[in-house]
Every structure is written in C-alpha cells, then in structure tokens.
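Q: The structure follows.
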Amino acid sequence: MVTIKDIARKLNLSYSTVSRALNSSSLVNSRTMKLIKDEAKRMGYTPNALARGLVLQKSGIVGMVIPDITNPFFPAIARGAEDEACRRGYNLLVCNSDWNVDMETHHLKLIKEKKVEGLILSSINVQNEYLEKIIEQGYPLVFISRVYPGVDVNFVGVDTEYGGYLAGKYLAELGHREVAFIGGSFNVNSVQGRYKGFRKALSKYGINFNESYAIEGEFNIKSGYEKALNLLKRRGTVTGIFAANDLIAVGVIRAARELGYLIPEEISIIGYDDIFLASLPGIELTTVFQEKRKMGELAAKLLLDEIDGEKYLKKGKKRMILSPRLIVRKTTSPRR
C-alpha cells in the first residue's frame, strides 16, 4: 500500500507538505499541490480514512436513529439523508429503535461512544433521560418527522395538522358524515397533529365527530387490521376511515374486504405518507403525500452545516416544515 511517506520520498518533499497538499490546504501553492496529487494518483495512493480521522479527530460518520426500519417511510428518509451525506463526504450509520426507549438509548450511547459526529433522530416521543442529556451537551442533532417535546433543536418535518385537514376535508366533501380515525400511539406528536387537523376539517363542514371512533393502535398493518375489524364487524354507520399511516390503512383495507365491504362503494379509506405500497395494484390507496426523501436531504444538510461550523446556525435552531398534498386513488368515492 502506497503511503504519504512514499510520495514524499519520491518527490523529495517533506511529509507535512505532501499531507497538506492531499488535504487541499491553502498553505501549499497550487503548482506543488498539482505535482503531489498527480504523483499520488500515478502511484495508486488511497487515503486511509481511519488514520485521517484520528489526526483530524473526525470519524466522517453521521448517525440516524429511526423507530421502524420495516416501514418504507423511514428508509425513504434515510436514502435522502445518505445522498446528502455522501455528497458532503460523510457516511451514514442507520439504527433501528423498534419503538423501544431502551433500544433508542442503546443506539444513542453507541453513536456517542463511536465518535459519530452528529445525529438525525426520529424520536419515539417517550421520555429519554440520556437523549435529554446529549441535547443539553450541545451534541449536533436534527430531529426529523417528529420532535422530542419541550426542547429547542433543529427540526425537519411536514405540516401534519394540514395533512390531517386535507384528509378530513376530502372525506367531508365526498359526503361522509360518520367517519373514524385509526392512529398509532396518540403520544406521538405527528399523530396528534394529523388527528387535530382531521377534527378541524370535520368541524368546518359541520360534522359532529363521535370520539369513540378515535382509535389508538400501532403503526403497522396488523394493528390496522385488528382495529378496523373491531370497528366494522358491527356493520355500523361508518363510511369513511382516515388512517394515521399507509401501513395502518393497508390493514384497514384487508379487514374491510374480509368483512365483505366494497371499497370504495361502501367505505372510503385514506392513508398517510404515500409509501410505495400505496400505489400498487390491488391497493391504490388515497393518501396524504409527504416528501420523505426531501426531508432526509434537508435534515442531513442542517446537521452537516452545524458540524462544519456554518455561521448562520449559530443564530438559532432551524425548523423546516414541508407542505403535504393529497393523492387521490381508488379507495375513496362519494358516499352513497
């Protein structure tokens, strides 16, 4: 393996001059820098990232902790973050907390111990003393999609209340008056926003929402199926359901079909996120679209700007809120 010392001996230059040139230091004139870089390329020199990191006290790695890697929503965010990180010369380490505070804490400690330079976090919104500690320490951190309550941190997300409003408005405009909301945990602020916007739209259209139809669950297909089965098997008057994410909505579709409901003729269903499953044949779900990849890109940019010492970040933490939009497919229609 070719080293910096080999290049220095070949060109009869000092080790420090070659090192500075390979790191594009302004202390080396352009002619010498070109000479060194050309010779390094000719000799097949490859930088030792580990050694460089030890010298610069940088790992070149940023972390991301997400609650559910099996939900296509989060890998889409991770892809956007990775694209931006790679563009800036960093690698992305992704960890899955599985909606578990102990696992979230484990990953946070690991990231700190391994000298990961900063973190993008989708918090599970459960009190976490270790997370609060690293926030107080000023560790570079960006929250994405959902923010830990009561803290001033960089945040990238979507206007969840407006997203819920779009869903409620559309169901109301289709003539649905008996509607239900099936969520994940109501402790999660993104779910709270969607539910609040949904209720606001119903109120605007003069619909009295039956609060027994606000159903808490988990963010997966199984939960959506079970909650919808319990709701619909009584063959009540509900004709429209807004699910807090697309996985829940897929479970609702399964339950409705199993019970013999025609979709959308007898019941309309709206999801949230617009993951790739939503557009597949046999599902074709009406849903609220979030710019997942863009969220990841923006979160990584905010984080790396802070790590790289961008001056504007010293003026205060940034909150970047994207706007959702409704995607109409085949699971909604006017109420009969």
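Residue numbering restarts at 1 in every chain; chains get A, B, ... in the order shown in the structure tokens, and ligands count up from 1 in that same order.
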Using only C-alpha atoms, which protein or nucleic acid residues come within 10 Å of Asp83 (chain A)? Drop anything in the same chain fewer than 2 positions from it, and give the result as number ranges by chain.
A: A: 78-81, 85-88, 90-92, 293, 296-297, 300
Q: Can you list every residue in region 3-43 of chain A that DSSP puts in helix (DSSP H, G or I), as number ranges by chain?
A: A: 4-11, 15-22, 30-43
Q: Could you work out how far CA of Ile270 (chain A) lies from CA of Met64 (chain A), giving the answer in Å with one decimal?
A: 29.2 Å
Q: Could I get the residues of region 157-227 of chain A with an atom no further than 9 Å from an atom of region 233-238 of chain A, each paired with its nearest atom pair and that distance in Å to one decimal, using only C-alpha atoms, sorted by chain and residue number, as a tab-separated table?
A:
residue	atom	partner	partner_atom	distance
A:His176	CA	A:Val238	CA	8.4
A:Arg177	CA	A:Val238	CA	8.0
A:Glu178	CA	A:Val238	CA	4.7
A:Val179	CA	A:Val238	CA	5.3
A:Ala180	CA	A:Val238	CA	6.9
A:Tyr213	CA	A:Val238	CA	8.9
Q: What's the 6 Å shell around Glu161 (chain A), counting only C-alpha atoms, without same-chain residues fewer than 5 positions away, as a list in words?
A: Gly193, Arg194 and Gly197 of chain A
Q: What's the separation between CA of Ile182 (chain A) and CA of Gly251 (chain A), in Å to one decimal place?
A: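 We find that CA of Ile182 (chain A) and CA of Gly251 (chain A) lie 10.5 Å from each other.
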Q: Determine, counting only C-alpha atoms, which protein, DNA and RNA residues have an atom within 7 Å of an atom of region 302-307 of chain A; residues of the same chain fewer than 4 positions away are not included. Present the result as a PyMOL selection string.
A: chain A and resi 118+140-142+298+313
Q: Please provide as a list of chain:residue names all residues within 9 Å of Phe242 (chain A), with the sequence filter that same-chain residues fewer than 6 positions apart are discarded (counting only C-alpha atoms).
A: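 The residues that qualify are A:Gly164, A:Ala167, A:Gly168, A:Leu171, A:Val179, A:Ala180, A:Phe181, A:Ile182, A:Gly183, A:Phe198, A:Ala249, A:Ser268, A:Ile269, A:Ile270, A:Gly271, A:Tyr272, A:Thr287.
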Q: Counting only C-alpha atoms, which of A:Glu113, A:Asp38, A:Glu265, A:Glu104 gets nearest to Asn125 (chain A)?
A: A:Glu104
Q: So how far away is CA of Val151 (chain A) from CA of Lys317 (chain A), in Å?
A: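 Those two atoms sit 10.5 Å apart.
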Q: Residues near Lys204 (chain A), anyone? I mean within 9 Å using only C-alpha atoms, not counting same-chain ones fewer than 4 positions away, as a list of chain:residue names.
A: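 Result of the neighbour search: A:Lys169, A:Arg199, A:Lys200.
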Q: Taking 5 positions as the minimum chain separation for residues in the same chain, which residues sit within 10 Å of Glu258 (chain A) when counting only C-alpha atoms? Answer as a ChimeraX atom specification.
A: /A:225,229,233,252-253
Q: Which residue is closest to Ser145 (chain A)? Choose from A:Thr239, A:Gln127, A:Ser190, A:Asn71 and count only C-alpha atoms.
A: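 Among the listed residues, the smallest separation from Ser145 (chain A) belongs to A:Ser190.
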